[in-house]
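What follows is a set of notes on a single structure, which appears directly below.
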Amino acid sequence: MLCGSKAACFHKLSDIELELTTANRVQLHFKKGETIAKQGSMVTHILFLKTGLAKIYKEINNNSNLILNIFPEGNLIGLPGLYGSNIFSYSVAAIEDSTVCAIDKTVFKKLVENNGAFAAEVINTINTCTEYNFEKIVSLTQKQLNGKMADALLFLADMVYKNNSFVMSLSRKDLAEFTGMSVMSVVRVLQEFKTDGIVHEKNGNFTILKMDQLRRISERG
């Protein structure tokens, strides 16, 4: 099966273009916690997350990271390096056991330049990420702790797990790095949400019980 079978852009390719993509990609498997791409390394391939869950993060120092985004399966990673810098400005790591298809960047770039419909889908993907980044900046800089956590849980439910009930793959440290909070603050806010009956958690299984209230907390900031 073609690596990009779940990505909209690959449905815009001709049979010949699909064969070219298949001939110039390699499929890799990563265990939970393994680094998929390292900040500062060369961007030689565009990555397609075939299965699993990955985090995109900036390495601030030896003890601190900022998670920029979390991608479920079916997403392309590394698009900023297509025409921008040839150096990864962030790191990528597997949150769950994951399968990644690495597609030669030169071949991917050729497809963008020669196939308008494919290029349009790629641009749409970049635009979606850009819009999300704007919202994340607002959340990190303008919202209180409860608003930040509400944003994170809504994002996980709506965009990552696509369900109000899910097994939380992120550690408390991951949640802290995703929200710009301390681990202690993450634990405290989650406990408040549980006490207020907004969420239920048992053995890592999360259920958002009051989605409307969580959205109101997000809106109030």
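In the structure tokens, chains take letters A, B, ... by order of appearance, with residues numbered from 1 within each chain and ligands from 1 in the order shown.
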
Residue set, range 34-209 of chain A restricted to alpha helix (DSSP H), as a ChimeraX atom specification
/A:105-114,116-142,145-155,172-179,183-195

Write out the residues from the selection above, keeping C-alpha atoms, as a compact mmCIF listing (two decimals), in the first residue's frame.
# COMPACT_ATOMS: atom_id res chain seq x y z
CA LYS A 105 12.68 15.75 -0.90
CA THR A 106 13.88 16.32 -4.46
CA VAL A 107 11.19 14.00 -5.83
CA PHE A 108 8.51 15.56 -3.61
CA LYS A 109 9.55 19.03 -4.77
CA LYS A 110 9.33 17.92 -8.41
CA LEU A 111 5.76 16.70 -7.83
CA VAL A 112 4.81 20.08 -6.34
CA GLU A 113 6.26 21.93 -9.32
CA ASN A 114 4.70 19.69 -11.98
CA GLY A 116 -0.92 21.89 -9.62
CA ALA A 117 -3.60 19.87 -7.83
CA PHE A 118 -0.96 18.14 -5.70
CA ALA A 119 0.68 21.51 -4.95
CA ALA A 120 -2.68 23.01 -3.91
CA GLU A 121 -3.21 20.23 -1.36
CA VAL A 122 0.30 20.71 0.01
CA ILE A 123 -0.30 24.47 0.33
CA ASN A 124 -3.60 23.77 2.09
CA THR A 125 -1.74 21.56 4.59
CA ILE A 126 0.81 24.31 5.26
CA ASN A 127 -1.98 26.90 5.66
CA THR A 128 -3.79 24.70 8.18
CA CYS A 129 -0.62 24.37 10.25
CA THR A 130 -0.01 28.12 10.05
CA GLU A 131 -3.53 28.91 11.29
CA TYR A 132 -3.07 26.47 14.16
CA ASN A 133 0.26 28.10 15.06
CA PHE A 134 -1.48 31.48 15.34
CA GLU A 135 -4.04 30.02 17.75
CA LYS A 136 -1.30 28.33 19.77
CA ILE A 137 0.59 31.61 20.17
CA VAL A 138 -2.58 33.19 21.58
CA SER A 139 -3.08 30.28 23.96
CA LEU A 140 0.52 30.32 25.21
CA THR A 141 0.80 34.07 25.67
CA GLN A 142 -2.70 35.31 26.52
CA LEU A 145 -3.52 27.96 33.17
CA ASN A 146 -7.08 26.60 32.95
CA GLY A 147 -7.54 28.09 29.49
CA LYS A 148 -4.28 26.57 28.27
CA MET A 149 -5.23 23.12 29.55
CA ALA A 150 -8.73 23.41 28.07
CA ASP A 151 -7.18 24.24 24.69
CA ALA A 152 -4.86 21.22 24.92
CA LEU A 153 -7.64 18.77 25.82
CA LEU A 154 -9.94 20.14 23.11
CA PHE A 155 -7.15 19.81 20.55
CA ARG A 172 2.34 14.86 32.23
CA LYS A 173 5.70 16.23 31.07
CA ASP A 174 4.47 16.19 27.46
CA LEU A 175 1.33 18.08 28.50
CA ALA A 176 3.49 20.60 30.35
CA GLU A 177 5.68 21.16 27.28
CA PHE A 178 2.59 21.38 25.05
CA THR A 179 0.86 24.01 27.19
CA VAL A 183 4.32 19.67 35.43
CA MET A 184 2.98 20.64 38.86
CA SER A 185 0.51 23.09 37.28
CA VAL A 186 -0.63 20.42 34.80
CA VAL A 187 -1.35 18.00 37.63
CA ARG A 188 -3.20 20.66 39.64
CA VAL A 189 -5.38 21.89 36.76
CA LEU A 190 -6.29 18.37 35.68
CA GLN A 191 -7.28 17.59 39.28
CA GLU A 192 -9.50 20.69 39.30
CA PHE A 193 -11.16 19.57 36.07
CA LYS A 194 -11.77 16.12 37.56
CA THR A 195 -13.15 17.56 40.80

What's the 8 Å shell around range 196-212 of chain A, counting only C-alpha atoms, without same-chain residues fewer than 4 positions away, as a PyMOL selection string?
chain A and resi 164-169+192+216

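Proximity to Gln39 in chain A at 9 Å, evaluated using only C-alpha atoms and with sequence-adjacent residues fewer than 4 positions away removed, yields Tyr57, Lys58, Glu59, Ile87, Phe88, Ser89, Tyr90, Ser91 and Val92 of chain A.
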
With N, CA and C atoms retained, write the just-selected residues as a PDB file, in the first residue's frame.
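Done, and the output landed in selection.pdb:
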ATOM      1  N   TYR A  57       8.641  19.441  18.249  1.00  0.00           N
ATOM      2  CA  TYR A  57       9.016  20.280  19.377  1.00  0.00           C
ATOM      3  C   TYR A  57      10.338  21.017  19.150  1.00  0.00           C
ATOM      4  N   LYS A  58      10.443  22.184  19.801  1.00  0.00           N
ATOM      5  CA  LYS A  58      11.675  22.953  19.808  1.00  0.00           C
ATOM      6  C   LYS A  58      12.478  22.553  21.034  1.00  0.00           C
ATOM      7  N   GLU A  59      13.744  22.282  20.837  1.00  0.00           N
ATOM      8  CA  GLU A  59      14.640  22.005  21.949  1.00  0.00           C
ATOM      9  C   GLU A  59      15.181  23.338  22.464  1.00  0.00           C
ATOM     10  N   ILE A  87      17.706  22.876   6.987  1.00  0.00           N
ATOM     11  CA  ILE A  87      17.988  22.357   8.326  1.00  0.00           C
ATOM     12  C   ILE A  87      16.680  22.256   9.110  1.00  0.00           C
ATOM     13  N   PHE A  88      16.467  21.137   9.786  1.00  0.00           N
ATOM     14  CA  PHE A  88      15.296  20.997  10.647  1.00  0.00           C
ATOM     15  C   PHE A  88      15.398  22.017  11.782  1.00  0.00           C
ATOM     16  N   SER A  89      14.376  22.878  11.912  1.00  0.00           N
ATOM     17  CA  SER A  89      14.354  23.873  12.984  1.00  0.00           C
ATOM     18  C   SER A  89      13.640  23.338  14.216  1.00  0.00           C
ATOM     19  N   TYR A  90      13.294  22.079  14.208  1.00  0.00           N
ATOM     20  CA  TYR A  90      12.595  21.423  15.313  1.00  0.00           C
ATOM     21  C   TYR A  90      12.935  19.947  15.290  1.00  0.00           C
ATOM     22  N   SER A  91      12.584  19.251  16.350  1.00  0.00           N
ATOM     23  CA  SER A  91      12.761  17.803  16.419  1.00  0.00           C
ATOM     24  C   SER A  91      11.400  17.121  16.326  1.00  0.00           C
ATOM     25  N   VAL A  92      11.418  15.861  15.942  1.00  0.00           N
ATOM     26  CA  VAL A  92      10.204  15.046  15.840  1.00  0.00           C
ATOM     27  C   VAL A  92      10.458  13.748  16.591  1.00  0.00           C
TER      28      VAL A  92
END

Identify which of the residues A:Met159, A:Val43, A:Leu28, A:Ala93 lies closest to Pro72 in chain A, counting only C-alpha atoms when measuring atom-to-atom distances.
A:Met159

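Atom pair CA of Thr99 in chain A / CA of Glu73 in chain A has a distance of 8.7 Å (rounded to one decimal).
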
Name the residues of range 47-166 of chain A that fall into strand (DSSP E or B) according to DSSP on the backbone, using the chain letters and numbers of this document, as a PyMOL selection string.
chain A and resi 47-51+53-61+64-72+75-77+87+91-94+98-104+165-166

CA of Lys143 in chain A to CA of Asn65 in chain A measures 19.5 Å

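Take CA of Asp97 in chain A and CA of Lys32 in chain A: the distance between them is 4.6 Å.
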
Between A:Lys162, A:Arg220, A:Arg215, A:Lys50, smallest distance to Phe30 in chain A by only C-alpha atoms belongs to A:Lys50

Out of A:Ala157, A:Ala102, A:Leu13, A:Ala23, which residue has the shortest atom-to-atom distance to Thr44 in chain A when counting only C-alpha atoms?
A:Ala102
